[in-house]
Each structure stands twice: as structure tokens, then as C-alpha cells.
$ cat entry18.txt   # compact mmCIF, C-alpha atoms and all ligand atoms
# COMPACT_ATOMS: atom_id res chain seq x y z
CA MET A 134 -50.37 -29.87 36.12
CA ARG A 135 -48.11 -32.80 35.22
CA THR A 136 -45.53 -32.84 32.43
CA VAL A 137 -44.57 -36.20 30.95
CA ILE A 138 -41.56 -36.41 28.62
CA PHE A 139 -41.32 -39.42 26.30
CA GLN A 140 -37.56 -39.96 25.93
CA PHE A 141 -37.08 -42.45 23.10
CA GLU A 142 -34.51 -43.28 20.45
CA VAL A 143 -35.42 -41.68 17.14
CA THR A 144 -34.87 -44.03 14.19
CA GLU A 145 -33.44 -42.03 11.33
CA ALA A 146 -35.67 -41.58 8.26
CA ASP A 147 -38.43 -43.93 9.45
CA TYR A 148 -41.68 -42.14 10.26
CA ASP A 149 -43.74 -45.31 10.77
CA GLU A 150 -41.24 -46.79 13.19
CA ASN A 151 -41.03 -43.56 15.19
CA LEU A 152 -44.80 -43.08 15.25
CA GLY A 153 -45.09 -46.69 16.46
CA LYS A 154 -42.70 -45.93 19.33
CA VAL A 155 -44.76 -42.90 20.35
CA GLN A 156 -48.03 -44.87 20.17
CA GLU A 157 -46.47 -47.65 22.26
CA LEU A 158 -45.30 -45.15 24.89
CA PHE A 159 -48.82 -43.73 25.09
CA LYS A 160 -50.15 -47.26 25.64
CA ARG A 161 -47.57 -48.20 28.28
CA THR A 162 -47.61 -44.97 30.31
CA ASP A 163 -50.06 -44.38 33.12
CA LEU A 164 -51.30 -41.04 31.79
CA LYS A 165 -53.84 -38.90 33.61
CA GLU A 166 -56.35 -36.54 32.05
CA ASP A 167 -54.81 -33.08 31.43
CA ASP A 168 -51.19 -34.32 31.49
CA ILE A 169 -48.84 -32.56 29.05
CA VAL A 170 -46.90 -35.10 26.97
CA VAL A 171 -43.67 -33.81 25.41
CA LEU A 172 -41.78 -35.33 22.44
CA PRO A 173 -38.26 -34.53 21.14
CA GLU A 174 -37.06 -32.52 18.12
CA MET A 175 -37.28 -33.98 14.57
CA TRP A 176 -38.74 -37.18 15.99
CA THR A 177 -40.34 -38.35 12.75
CA SER A 178 -37.09 -38.27 10.73
CA GLY A 179 -34.01 -37.65 12.86
CA TYR A 180 -31.22 -35.69 11.21
CA ALA A 181 -31.52 -37.46 7.83
CA LEU A 182 -30.83 -34.10 6.21
CA GLU A 183 -29.80 -35.42 2.77
CA SER A 184 -33.32 -36.74 2.26
CA ILE A 185 -35.15 -34.22 4.43
CA GLU A 186 -37.27 -32.88 1.60
CA ASP A 187 -38.77 -36.33 0.99
CA LEU A 188 -39.27 -36.91 4.71
CA ALA A 189 -40.93 -33.56 5.34
CA PHE A 190 -44.66 -33.24 5.89
CA ARG A 191 -46.57 -30.85 3.69
CA ASN A 192 -48.38 -28.45 6.00
CA LEU A 193 -47.88 -30.88 8.86
CA GLU A 194 -51.39 -32.24 8.39
CA ASN A 195 -50.50 -35.89 8.47
CA VAL A 196 -48.57 -35.88 11.75
CA LYS A 197 -50.94 -33.35 13.33
CA GLU A 198 -53.86 -35.71 12.68
CA GLU A 199 -52.03 -38.57 14.39
CA MET A 200 -51.23 -36.39 17.41
CA ALA A 201 -54.81 -35.12 17.61
CA LYS A 202 -56.07 -38.74 17.66
CA LEU A 203 -53.74 -39.60 20.54
CA ALA A 204 -54.59 -36.40 22.44
CA LYS A 205 -58.31 -37.16 22.26
CA GLU A 206 -57.93 -40.84 23.07
CA TYR A 207 -55.81 -40.20 26.17
CA LYS A 208 -57.30 -36.77 27.03
CA VAL A 209 -53.87 -35.17 27.26
CA ASN A 210 -52.17 -32.14 25.77
CA ILE A 211 -49.21 -32.82 23.47
CA VAL A 212 -46.16 -30.63 22.91
CA ALA A 213 -45.41 -32.59 19.78
CA GLY A 214 -41.63 -32.09 19.55
CA SER A 215 -40.74 -30.94 16.06
CA VAL A 216 -40.91 -32.36 12.54
CA PRO A 217 -39.51 -31.36 9.15
CA ASN A 218 -42.20 -29.36 7.44
CA ILE A 219 -42.54 -28.03 3.90
CA LYS A 220 -44.46 -24.79 3.93
CA VAL A 221 -43.71 -23.15 0.62
CA GLY A 222 -42.02 -24.62 -2.47
CA SER A 223 -39.23 -26.90 -1.33
CA ASP A 224 -38.13 -24.98 1.78
CA VAL A 225 -38.08 -27.28 4.77
CA LEU A 226 -38.64 -25.82 8.24
CA ASN A 227 -38.05 -27.46 11.60
CA THR A 228 -41.51 -26.97 13.09
CA SER A 229 -42.94 -27.78 16.48
CA PHE A 230 -46.58 -27.65 17.48
CA VAL A 231 -48.98 -28.10 20.38
CA ILE A 232 -52.30 -29.97 20.43
CA ASP A 233 -54.76 -29.77 23.31
CA LYS A 234 -56.66 -32.65 24.87
CA ASP A 235 -59.63 -32.09 22.56
CA GLY A 236 -57.35 -32.57 19.57
CA ALA A 237 -57.36 -28.86 18.69
CA HIS A 238 -54.29 -27.14 17.30
CA VAL A 239 -52.98 -24.60 19.86
CA TYR A 240 -49.67 -23.27 18.62
CA GLU A 241 -46.93 -23.70 16.03
CA TYR A 242 -43.35 -22.45 15.92
CA SER A 243 -40.51 -23.02 13.46
CA LYS A 244 -36.92 -23.00 14.77
CA ILE A 245 -35.37 -19.60 14.15
CA HIS A 246 -31.74 -20.44 15.04
CA LEU A 247 -30.47 -23.17 12.72
CA VAL A 248 -27.59 -25.15 14.15
CA PRO A 249 -24.37 -24.96 12.07
CA MET A 250 -22.73 -27.86 13.96
CA LEU A 251 -25.36 -30.24 12.51
CA ASN A 252 -25.41 -28.57 9.06
CA GLU A 253 -29.00 -27.41 9.44
CA PRO A 254 -28.43 -24.15 7.50
CA ASP A 255 -27.43 -26.20 4.40
CA PHE A 256 -30.72 -28.10 4.32
CA LEU A 257 -33.33 -26.20 6.31
CA LYS A 258 -34.80 -22.74 6.35
CA GLY A 259 -35.09 -20.77 9.58
CA GLY A 260 -38.53 -19.72 10.80
CA ASP A 261 -39.41 -16.07 10.24
CA ALA A 262 -41.67 -15.57 13.26
CA ALA A 263 -40.40 -15.06 16.79
CA ALA A 264 -41.39 -17.57 19.43
CA ASP A 265 -44.58 -16.46 21.12
CA THR A 266 -46.44 -17.61 24.21
CA PHE A 267 -49.49 -19.87 24.06
CA GLU A 268 -52.11 -20.74 26.66
CA ILE A 269 -52.30 -23.95 28.54
CA PHE A 270 -54.76 -24.25 31.46
CA GLY A 271 -55.29 -20.53 31.43
CA ASN A 272 -51.55 -19.89 31.88
CA LYS A 273 -48.92 -18.88 29.41
CA ALA A 274 -46.20 -21.22 28.19
CA GLY A 275 -43.36 -21.01 25.66
CA LEU A 276 -41.81 -23.51 23.25
CA VAL A 277 -38.37 -23.39 21.63
CA ILE A 278 -36.23 -25.87 19.71
CA CYS A 279 -32.80 -27.20 20.72
CA TYR A 280 -30.09 -24.72 19.55
CA ASP A 281 -32.51 -21.91 20.56
CA LEU A 282 -31.43 -22.81 24.11
CA ARG A 283 -28.19 -20.89 23.52
CA PHE A 284 -30.06 -17.60 23.06
CA PRO A 285 -31.11 -16.24 26.46
CA GLU A 286 -32.85 -13.26 24.80
CA LEU A 287 -35.48 -15.60 23.44
CA PHE A 288 -36.25 -17.04 26.87
CA ARG A 289 -36.27 -13.58 28.45
CA ASP A 290 -38.82 -12.42 25.88
CA LEU A 291 -41.05 -15.38 26.70
CA ALA A 292 -40.67 -14.87 30.46
CA LEU A 293 -41.44 -11.15 30.16
CA ASP A 294 -44.53 -12.19 28.23
CA GLU A 295 -45.41 -14.23 31.35
CA ALA A 296 -44.55 -17.74 30.20
CA LYS A 297 -44.60 -19.89 33.34
CA VAL A 298 -43.24 -23.00 31.66
CA ILE A 299 -40.87 -23.11 28.68
CA PHE A 300 -40.56 -26.35 26.72
CA VAL A 301 -37.27 -27.07 24.94
CA VAL A 302 -37.59 -29.91 22.42
CA ALA A 303 -34.23 -31.22 21.29
CA GLU A 304 -31.91 -33.64 19.56
CA TRP A 305 -28.92 -32.52 21.60
CA PRO A 306 -25.58 -34.29 21.00
CA ALA A 307 -23.91 -36.24 23.80
CA GLU A 308 -20.58 -34.45 23.30
CA ARG A 309 -22.21 -31.30 24.72
CA THR A 310 -24.30 -32.83 27.52
CA GLU A 311 -22.84 -30.40 30.07
CA HIS A 312 -23.98 -27.44 27.95
CA TRP A 313 -27.49 -28.93 27.73
CA LEU A 314 -27.80 -29.35 31.49
CA THR A 315 -26.09 -26.09 32.45
CA LEU A 316 -27.99 -23.90 29.97
CA LEU A 317 -31.36 -25.41 30.87
CA LYS A 318 -30.69 -24.79 34.56
CA ALA A 319 -29.50 -21.25 33.87
CA ARG A 320 -32.63 -20.47 31.81
CA ALA A 321 -34.81 -21.72 34.70
CA ILE A 322 -32.93 -19.73 37.36
CA GLU A 323 -32.58 -16.49 35.41
CA ASN A 324 -36.21 -16.47 34.27
CA GLN A 325 -37.66 -18.06 37.42
CA CYS A 326 -39.90 -20.38 35.46
CA TYR A 327 -40.21 -24.13 34.86
CA ILE A 328 -38.06 -25.51 32.07
CA VAL A 329 -38.96 -28.83 30.44
CA GLY A 330 -36.18 -30.21 28.22
CA SER A 331 -37.06 -33.19 26.03
CA ASN A 332 -34.21 -34.98 24.25
CA THR A 333 -33.58 -38.18 22.31
CA PHE A 334 -30.69 -40.63 22.78
CA GLY A 335 -28.78 -43.25 20.80
CA THR A 336 -26.31 -43.25 17.92
CA GLN A 337 -27.40 -42.39 14.38
CA PRO A 338 -25.95 -44.06 11.23
CA ASN A 339 -23.60 -41.05 10.74
CA GLY A 340 -22.13 -41.62 14.21
CA ALA A 341 -23.86 -38.74 15.97
CA THR A 342 -24.84 -39.73 19.51
CA PHE A 343 -27.57 -37.88 21.36
CA ALA A 344 -27.48 -37.05 25.05
CA GLY A 345 -30.77 -38.24 26.59
CA ASN A 346 -30.97 -36.47 29.96
CA SER A 347 -34.49 -35.18 29.39
CA ILE A 348 -35.18 -33.01 32.39
CA ILE A 349 -37.72 -30.95 34.31
CA ILE A 350 -36.35 -28.02 36.35
CA ASN A 351 -38.22 -25.75 38.74
CA PRO A 352 -37.96 -21.90 38.93
CA PHE A 353 -35.33 -22.18 41.69
CA GLY A 354 -33.13 -24.31 39.43
CA GLU A 355 -33.83 -27.61 41.18
CA VAL A 356 -34.11 -30.76 39.09
CA LEU A 357 -37.50 -32.40 39.61
CA ALA A 358 -36.92 -35.33 37.25
CA GLN A 359 -34.14 -36.40 34.89
CA GLY A 360 -33.74 -39.22 32.38
CA SER A 361 -30.62 -41.30 31.85
CA GLU A 362 -28.29 -40.71 28.91
CA GLY A 363 -29.01 -43.89 26.99
CA ARG A 364 -32.37 -45.47 27.82
CA GLU A 365 -35.98 -45.16 26.75
CA GLU A 366 -37.74 -43.52 29.66
CA VAL A 367 -40.77 -41.57 30.74
CA VAL A 368 -39.64 -38.54 32.72
CA SER A 369 -42.41 -36.77 34.61
CA ALA A 370 -42.99 -34.19 37.33
CA ASP A 371 -45.75 -31.96 38.65
CA ILE A 372 -45.63 -28.27 37.95
CA ASP A 373 -46.77 -25.97 40.74
CA LEU A 374 -47.48 -22.55 39.28
CA ASP A 375 -47.83 -20.94 42.76
CA TYR A 376 -44.20 -21.81 43.41
CA ILE A 377 -43.16 -19.36 40.69
CA THR A 378 -44.79 -16.52 42.64
CA ARG A 379 -42.99 -17.55 45.82
CA VAL A 380 -39.58 -17.70 44.11
CA ARG A 381 -40.18 -14.31 42.46
CA GLU A 382 -41.13 -12.77 45.84
CA ASP A 383 -38.00 -14.14 47.51
CA ILE A 384 -35.62 -13.08 44.72
CA PRO A 385 -37.39 -10.26 42.85
CA ILE A 386 -35.24 -10.06 39.73
CA PHE A 387 -38.06 -8.86 37.52
CA LYS A 388 -38.53 -5.87 39.84
CA SER A 389 -34.77 -5.24 40.07
CA ARG A 390 -34.17 -5.15 36.31
CA ARG A 391 -32.66 -1.92 34.94
CA ARG A 392 -33.78 -1.88 31.34
CA ASP A 393 -32.35 1.61 30.94
CA MET A 394 -28.86 0.21 31.70
CA TYR A 395 -28.69 -2.54 29.07
CA LYS A 396 -27.14 -1.26 25.90
CA PHE A 397 -28.38 -3.82 23.41
CA LEU A 398 -31.66 -5.08 24.83
N1 LIG B 1 -30.45 -29.98 17.23
C1 LIG B 1 -29.79 -28.93 17.70
O1 LIG B 1 -30.22 -27.80 17.56
C2 LIG B 1 -28.50 -29.23 18.41
C3 LIG B 1 -27.91 -28.03 19.10
C4 LIG B 1 -26.49 -28.26 19.50
O2 LIG B 1 -25.88 -29.24 19.11
C5 LIG B 1 -25.83 -27.28 20.35
O3 LIG B 1 -26.36 -26.19 20.56
O4 LIG B 1 -24.73 -27.59 20.85

$ encode --input "entry18.txt" --output "C-alpha cells" --more "lines below"
Ligand SMILES: NC(=O)CCC(=O)C(=O)O
Amino acid sequence: MRTVIFQFEVTEADYDENLGKVQELFKRTDLKEDDIVVLPEMWTSGYALESIEDLAFRNLENVKEEMAKLAKEYKVNIVAGSVPNIKVGSDVLNTSFVIDKDGAHVYEYSKIHLVPMLNEPDFLKGGDAAADTFEIFGNKAGLVICYDLRFPELFRDLALDEAKVIFVVAEWPAERTEHWLTLLKARAIENQCYIVGSNTFGTQPNGATFAGNSIIINPFGEVLAQGSEGREEVVSADIDLDYITRVREDIPIFKSRRRDMYKFL
């Protein structure tokens, strides 16, 4: 099972331009059937929050159709990053979704932890459903969005629900690159699962610079592939699900847990 991250620079408030970049990356990349392609957070709009209502997709149908077309054409699964999404009235959610290689919708999740440092709570509404696992190749996976990375409880829930791979789609700022890399590694080591972190790069009109460094980490915390901080890149690595079993036999943290000793969990 191969994961392929498309690390590209999101152009703020320009859906057509960003979709064009994704289509071009599909064309240029040597994709194999069954690959899992991963996009970053808010890739259709960037953090153009002042105009986010206009940029949002009603019920996601438009962008989902485009992703389904690509999935079928290239016979790959797509963890389609996230997009601004109007569900009810004018509330805009930050919603990610997964499409399988037949173009079928597999899973959808809206970011539950809105990031104050980027003013998300002023413009977006938090999702009201916890992240769940979904199936990919008969195995469970999880999907969370950017700031969610700072909440280990969420990852633990997914791991206890047997997620073998957790995707983190992000627009993570460059000023906190060390947090991005350290937290992703920690989540992989403490949950003994693969972590796939997909990020954008470049400087937005408001001066915010994003960190790149898309990364794939194995259940022992080793980096299998990592992008640069400022270049368009395809970051890919194979995922060996048997390796999870070996790591968990060698360091059996799930057997050693003392649930009765944790006051707030
Ligand atoms: N887009 C985000 O959620 C950014 C998160 C962030 O900046 C941080 O956690 O630090």
C-alpha cells in the first residue's frame, strides 16, 4: 500500500488555479493502481477567511465530483485534504473527505478543533462529530485536520479503534515547523501506527508562510519520506501493515496500558 502526498503551494481564493495544480500533479506523477493520494488542508481556498462563505462549497458536491473523476481515471484512492464547506445556513465547516478508486465516497470529517492562531473560530464552525475510522483495503484508517494534531486524545481514540494509518491534512505555519515534526513523530511512536502528514508551503498575501515538510512516519517513529520546506514535491512511501504488529509485539504499550490509573481518560 503506497501513500503519495501532493505537496503544492495553495493559491489563496482561487479554486480553478488550485484544481489545475492538483490535476497537473496527477498527470505528472507515476501513480500505480491502489495508491492513496493525499492533499493538504483548505486546498481550494487557502485561509482567505474574509471571503470564506463565498469560496465554500455547498454540500461539497462540486469538488467531490472532480475528485471522483480523478480517482476513477487514475484508479487511486484520494484523501482529499479539506475544503471550506457550507452545510447549513451560512455556517462554514472545514471538511475533509475520502474517495475510493471507483470514485465512491468513503468518509467525511469536519475539523473539531478550530485554530485560534489563524482566527478560524471567528469565521468557521467546528464539526460536531468525533473523528471516526474508515476502511481502506480492509484495514482501518483515521483522518484529522491540522490543529487536531495537538490533541493526543483524538489519535489515541483512533488507534484504540484500530486505525493503522492516520492522515493529518494541514496548512501548518512555518514558524511552528518544529511542533509539526515533533508532534507527528510523537503521535506515530505513542500510537504505534503510520502517520501521513500532508502540508502546503509558500507565503500567502497576508504574510503567513506555510511549512511544507510533508512527511510519512512509520510506527517506530522513523521518517520514511519527507518533503522540503518550500518546493512543490511528491512525497511517497510504502506502508507495511505487518510492521505495526512487529512493533507492537516488541514494545507492547497497548497491553501495558492502565486505564484504571488515568484520572481524566
Ligand atoms: N491550520 C491549522 O490548523 C494550523 C495549526 C497551527 O498553526 C498550530 O497548531 O500551530

$ closest_residue --input "entry18.txt" --among "A:Ala296, A:Ala344, A:Leu374, A:Leu182" --to "A:Glu268" --atoms "all atoms listed in the file"
A:Ala296

$ axis_aligned_box --input "entry18.txt" --around "ligand LIG 1 (chain B)" --padding-each-side "6 Å" --output "JSON"
{"center_x": -27.6, "center_y": -28.1, "center_z": 19.0, "size_x": 17.7, "size_y": 15.8, "size_z": 15.6}

$ residues_near_ligand --input "entry18.txt" --ligand "ligand LIG 1 (chain B)" --cutoff "9 Å" --atoms "all atoms listed in the file" --output "PyMOL selection string"
chain A and resi 174-175+180+244+246-251+253+278-283+302-310+312-313

$ closest_residue --input "entry18.txt" --among "A:Ala189, A:Leu152, A:Val368, A:Ile245" --to "A:Val170" --atoms "all atoms listed in the file"
A:Val368

$ atom_distance --input "entry18.txt" --atom1 "atom CA of A:Ser243" --atom2 "atom CA of A:Lys318"
23.3 Å

$ residues_near_point --input "entry18.txt" --point "(-43.4, -25.6, 29.3)" --cutoff "7 Å" --atoms "all atoms listed in the file" --output "VMD selection string"
chain A and resid 274 to 276 298 to 300 327 to 329

$ closest_residue --input "entry18.txt" --among "A:Ala358, A:Val209, A:Thr315, A:Val301" --to "A:Gly330" --atoms "all atoms listed in the file"
A:Val301

$ closest_residue --input "entry18.txt" --among "A:Asp383, A:Asn210, A:Leu314, A:Lys220" --to "A:Ile269" --atoms "only C-alpha atoms"
A:Asn210

$ residues_around --input "entry18.txt" --residues "A:Lys258" --least-positions-apart "2" --cutoff "8 Å" --atoms "all atoms listed in the file" --output "PyMOL selection string"
chain A and resi 224-227+247+254+256+260

$ closest_residue --input "entry18.txt" --among "A:Phe141, A:Ala264, A:Tyr148, A:Cys326" --to "A:Phe284" --atoms "all atoms listed in the file"
A:Ala264

$ closest_residue --input "entry18.txt" --among "A:Ser223, A:Ala181, A:Leu291, A:Thr136" --to "A:Ile348" --atoms "only C-alpha atoms"
A:Thr136

$ closest_atom_pairs --input "entry18.txt" --of "stretch 147-183 of chain A" --to "stretch 196-202 of chain A" --cutoff "12 Å" --atoms "all atoms listed in the file" --output "Markdown table"
| residue | atom | partner | partner_atom | distance |
| --- | --- | --- | --- | --- |
| A:Tyr148 | CA | A:Val196 | CA | 9.4 |
| A:Asp149 | CA | A:Val196 | CA | 10.6 |
| A:Asn151 | CA | A:Val196 | CA | 11.3 |
| A:Leu152 | CA | A:Glu199 | CA | 8.6 |
| A:Gly153 | CA | A:Glu199 | CA | 10.9 |
| A:Val155 | CA | A:Met200 | CA | 9.6 |
| A:Gln156 | CA | A:Glu199 | CA | 9.4 |
| A:Phe159 | CA | A:Met200 | CA | 10.9 |
| A:Val170 | CA | A:Met200 | CA | 10.6 |
| A:Val171 | CA | A:Met200 | CA | 11.3 |
| A:Leu172 | CA | A:Met200 | CA | 10.8 |
| A:Met175 | CA | A:Val196 | CA | 11.8 |
| A:Trp176 | CA | A:Val196 | CA | 10.8 |
| A:Thr177 | CA | A:Val196 | CA | 8.7 |
| A:Ser178 | CA | A:Val196 | CA | 11.8 |

$ write_last_selection --input "entry18.txt" --atoms "C-alpha atoms" --output "PDB file, in the coordinates of the input"
ATOM      1  CA  TYR A 148     -41.680 -42.140  10.260  1.00  0.00           C
ATOM      2  CA  ASP A 149     -43.740 -45.310  10.770  1.00  0.00           C
ATOM      3  CA  ASN A 151     -41.030 -43.560  15.190  1.00  0.00           C
ATOM      4  CA  LEU A 152     -44.800 -43.080  15.250  1.00  0.00           C
ATOM      5  CA  GLY A 153     -45.090 -46.690  16.460  1.00  0.00           C
ATOM      6  CA  VAL A 155     -44.760 -42.900  20.350  1.00  0.00           C
ATOM      7  CA  GLN A 156     -48.030 -44.870  20.170  1.00  0.00           C
ATOM      8  CA  PHE A 159     -48.820 -43.730  25.090  1.00  0.00           C
ATOM      9  CA  VAL A 170     -46.900 -35.100  26.970  1.00  0.00           C
ATOM     10  CA  VAL A 171     -43.670 -33.810  25.410  1.00  0.00           C
ATOM     11  CA  LEU A 172     -41.780 -35.330  22.440  1.00  0.00           C
ATOM     12  CA  MET A 175     -37.280 -33.980  14.570  1.00  0.00           C
ATOM     13  CA  TRP A 176     -38.740 -37.180  15.990  1.00  0.00           C
ATOM     14  CA  THR A 177     -40.340 -38.350  12.750  1.00  0.00           C
ATOM     15  CA  SER A 178     -37.090 -38.270  10.730  1.00  0.00           C
TER      16      SER A 178
END

$ atom_distance --input "entry18.txt" --atom1 "atom CA of A:Glu157" --atom2 "atom CA of A:Ile211"
15.1 Å
